[in-house]
>>> print(open('start37.pdb').read())   # PDB, C-alpha atoms
ATOM      1  CA  ASN A 108     101.139 108.915  24.470
ATOM      2  CA  THR A 109      98.166 106.565  24.499
ATOM      3  CA  LYS A 110      99.811 103.770  26.509
ATOM      4  CA  GLY A 111     100.770 106.195  29.274
ATOM      5  CA  ASN A 112      97.246 107.629  29.343
ATOM      6  CA  ILE A 113      95.703 104.182  29.705
ATOM      7  CA  ILE A 114      98.057 103.281  32.567
ATOM      8  CA  THR A 115      97.240 106.586  34.280
ATOM      9  CA  ILE A 116      93.484 106.009  33.948
ATOM     10  CA  ALA A 117      93.815 102.428  35.256
ATOM     11  CA  THR A 118      95.839 103.657  38.234
ATOM     12  CA  MET A 119      93.260 106.364  38.991
ATOM     13  CA  LEU A 120      90.441 103.796  38.851
ATOM     14  CA  ALA A 121      92.298 101.542  41.288
ATOM     15  CA  ARG A 122      93.044 104.455  43.630
ATOM     16  CA  GLU A 123      89.406 105.582  43.524
ATOM     17  CA  LYS A 124      88.222 102.128  44.659
ATOM     18  CA  ILE A 125      90.848 101.944  47.419
ATOM     19  CA  GLU A 126      89.801 105.330  48.812
ATOM     20  CA  TYR A 127      86.136 104.324  48.725
ATOM     21  CA  LEU A 128      86.833 101.029  50.513
ATOM     22  CA  LYS A 129      89.017 102.712  53.147
ATOM     23  CA  SER A 130      86.104 104.972  54.064
ATOM     24  CA  LEU A 131      83.968 101.961  55.064
ATOM     25  CA  PRO A 132      84.019  99.921  58.283
ATOM     26  CA  ILE A 133      86.072  96.745  57.806
ATOM     27  CA  GLN A 134      83.064  94.408  57.792
ATOM     28  CA  GLN A 135      81.362  96.499  55.131
ATOM     29  CA  MET A 136      84.461  96.702  52.928
ATOM     30  CA  GLN A 137      84.831  92.930  53.070
ATOM     31  CA  ALA A 138      81.184  92.537  52.060
ATOM     32  CA  GLU A 139      81.628  95.104  49.261
ATOM     33  CA  CYS A 140      84.432  93.067  47.705
ATOM     34  CA  ALA A 141      82.701  89.744  48.359
ATOM     35  CA  GLU A 142      79.650  91.025  46.462
ATOM     36  CA  GLU A 143      81.850  91.641  43.424
ATOM     37  CA  LEU A 144      81.674  88.054  42.262
ATOM     38  CA  GLU A 145      82.092  89.495  38.817
ATOM     39  CA  ALA A 146      84.531  92.330  38.387
ATOM     40  CA  GLU A 147      83.226  95.778  37.468
ATOM     41  CA  HIS A 148      83.394  96.583  33.770
ATOM     42  CA  LEU A 149      84.264 100.237  33.329
ATOM     43  CA  ASP A 150      83.997 102.266  30.157
ATOM     44  CA  GLY A 151      84.084  99.113  28.030
ATOM     45  CA  THR A 152      87.870  99.079  28.402
ATOM     46  CA  PHE A 153      88.724  98.311  32.023
ATOM     47  CA  THR A 154      87.785  95.606  34.516
ATOM     48  CA  ARG A 155      88.167  96.363  38.237
ATOM     49  CA  ALA A 156      88.173  93.824  41.070
ATOM     50  CA  CYS A 157      88.964  94.107  44.774
ATOM     51  CA  GLU A 158      89.989  91.843  47.607
ATOM     52  CA  VAL A 159      90.212  92.435  51.373
ATOM     53  CA  SER A 160      92.442  90.073  53.343
ATOM     54  CA  ALA A 161      94.056  89.636  56.732
ATOM     55  CA  SER A 162      97.331  91.284  57.670
ATOM     56  CA  PHE A 163      99.719  91.234  60.615
ATOM     57  CA  SER A 164      96.974  92.483  62.979
ATOM     58  CA  GLU A 165      93.329  91.668  63.722
ATOM     59  CA  THR A 166      92.373  95.342  63.287
ATOM     60  CA  VAL A 167      94.317  95.984  60.074
ATOM     61  CA  LYS A 168      93.351  94.609  56.669
ATOM     62  CA  VAL A 169      95.017  94.589  53.260
ATOM     63  CA  ILE A 170      93.024  96.040  50.374
ATOM     64  CA  LYS A 171      94.070  94.929  46.902
ATOM     65  CA  VAL A 172      92.492  96.452  43.791
ATOM     66  CA  THR A 173      93.279  95.171  40.311
ATOM     67  CA  VAL A 174      92.361  97.072  37.153
ATOM     68  CA  SER A 175      92.929  95.139  33.941
ATOM     69  CA  TRP A 176      92.510  95.771  30.228
ATOM     70  CA  LYS A 177      93.519  94.331  26.887
ATOM     71  CA  GLY A 178      96.516  96.177  25.446
ATOM     72  CA  GLY A 179      97.010  95.092  21.858
ATOM     73  CA  SER A 180      97.345  91.332  21.970
ATOM     74  CA  GLN A 181      98.340  91.223  25.666
ATOM     75  CA  ASN A 182      96.408  91.463  28.901
ATOM     76  CA  ARG A 183      97.623  94.316  31.110
ATOM     77  CA  GLU A 184      96.902  95.219  34.705
ATOM     78  CA  VAL A 185      97.603  97.704  37.464
ATOM     79  CA  VAL A 186      97.531  96.349  41.030
ATOM     80  CA  LEU A 187      97.458  98.634  44.078
ATOM     81  CA  GLU A 188      97.591  97.425  47.672
ATOM     82  CA  THR A 189      97.280  99.311  50.946
ATOM     83  CA  LEU A 190      96.735  98.711  54.650
ATOM     84  CA  THR A 191      93.677 100.039  56.453
ATOM     85  CA  ARG A 192      91.838  99.956  59.747
ATOM     86  CA  GLY A 193      88.631 100.949  57.993
ATOM     87  CA  SER A 194      86.355 103.971  58.532
ATOM     88  CA  GLY A 195      88.881 106.318  56.930
ATOM     89  CA  ALA A 196      91.911 105.173  58.946
TER      90      ALA A 196
END
>>> encode(input="start37.pdb", output="structure tokens")
Amino acid sequence: NTKGNIITIATMLAREKIEYLKSLPIQQMQAECAEELEAEHLDGTFTRACEVSASFSETVKVIKVTVSWKGGSQNREVVLETLTRGSGA
């Protein structure tokens, strides 16, 4: 079904960005998201934005990636969050 396919694609796009950010040192991942003053526009359908914020520890950060799209007359989004120490950890 089309709705399920769109949700799957949006989730994969969010996961792809999270994995990329996790591979970077923390300072670089924060800069990467800060540089995205405008969200990425993907395939003319999706918009992807990221945010890196503090967590319970100085060495651990929260990565939040939001992929949004217009579904019929409503705005839809998939939001994934994860913890990271950066550099693949």
>>> closest_residue(input="start37.pdb", among="A:Ile170, A:Ile113, A:Cys140, A:Leu149", to="Glu126 in chain A", atoms="only C-alpha atoms")
A:Ile170
>>> atom_distance(input="start37.pdb", atom1="CA of Val186 in chain A", atom2="CA of Ala121 in chain A")
7.4 Å
>>> residues_around(input="start37.pdb", residues="Val172 in chain A", least_positions_apart="3", cutoff="7 Å", atoms="all atoms listed in the file", output="PDB file with C-alpha atoms, in the frame of the given file")
ATOM      1  CA  ALA A 121      92.298 101.542  41.288  1.00  0.00           C
ATOM      2  CA  ILE A 125      90.848 101.944  47.419  1.00  0.00           C
ATOM      3  CA  ALA A 156      88.173  93.824  41.070  1.00  0.00           C
ATOM      4  CA  CYS A 157      88.964  94.107  44.774  1.00  0.00           C
ATOM      5  CA  GLU A 158      89.989  91.843  47.607  1.00  0.00           C
ATOM      6  CA  VAL A 186      97.531  96.349  41.030  1.00  0.00           C
ATOM      7  CA  LEU A 187      97.458  98.634  44.078  1.00  0.00           C
ATOM      8  CA  GLU A 188      97.591  97.425  47.672  1.00  0.00           C
TER       9      GLU A 188
END
>>> atom_distance(input="start37.pdb", atom1="CA of Gln135 in chain A", atom2="CA of His148 in chain A")
21.5 Å
>>> closest_residue(input="start37.pdb", among="A:Arg155, A:Ser164, A:Leu131, A:Thr189", to="Met119 in chain A", atoms="all atoms listed in the file")
A:Arg155
>>> resolve_selection(input="start37.pdb", expression="the PyMOL selection byres ((chain A and resi 195) around 6)", output="mmCIF file with C-alpha atoms, in the coordinates of the input")
data_model
loop_
_atom_site.group_PDB
_atom_site.id
_atom_site.type_symbol
_atom_site.label_atom_id
_atom_site.label_comp_id
_atom_site.auth_asym_id
_atom_site.auth_seq_id
_atom_site.Cartn_x
_atom_site.Cartn_y
_atom_site.Cartn_z
ATOM 1 C CA LYS A 129 89.017 102.712 53.147
ATOM 2 C CA SER A 130 86.104 104.972 54.064
ATOM 3 C CA GLY A 193 88.631 100.949 57.993
ATOM 4 C CA SER A 194 86.355 103.971 58.532
ATOM 5 C CA ALA A 196 91.911 105.173 58.946
#
>>> closest_residue(input="start37.pdb", among="A:Leu190, A:Leu128, A:Val174, A:Val185", to="Ser162 in chain A", atoms="all atoms listed in the file")
A:Leu190
>>> atom_distance(input="start37.pdb", atom1="CA of Asn112 in chain A", atom2="CA of Lys177 in chain A")
14.0 Å
>>> residues_near_point(input="start37.pdb", point="(96.0, 105.9, 32.3)", cutoff="12 Å", atoms="only C-alpha atoms", output="ChimeraX atom specification")
/A:108-122,152-153,174-176,178,183-185
>>> closest_residue(input="start37.pdb", among="A:Thr173, A:Gln181, A:Thr166, A:Thr191", to="Glu123 in chain A", atoms="all atoms listed in the file")
A:Thr173
>>> residues_around(input="start37.pdb", residues="Gln137 in chain A", least_positions_apart="3", cutoff="9 Å", atoms="all atoms listed in the file", output="PyMOL selection string")
chain A and resi 128+132-134+140-142+158-160
>>> axis_aligned_box(input="start37.pdb", around="range 173-185 of chain A", padding_each_side="3 Å", output="AutoDock Vina command-line options")
--center_x 95.4 --center_y 94.5 --center_z 31.1 --size_x 12.0 --size_y 12.5 --size_z 24.5
>>> closest_residue(input="start37.pdb", among="A:Thr154, A:Lys124, A:Glu165, A:Asn182", to="Met136 in chain A", atoms="all atoms listed in the file")
A:Lys124
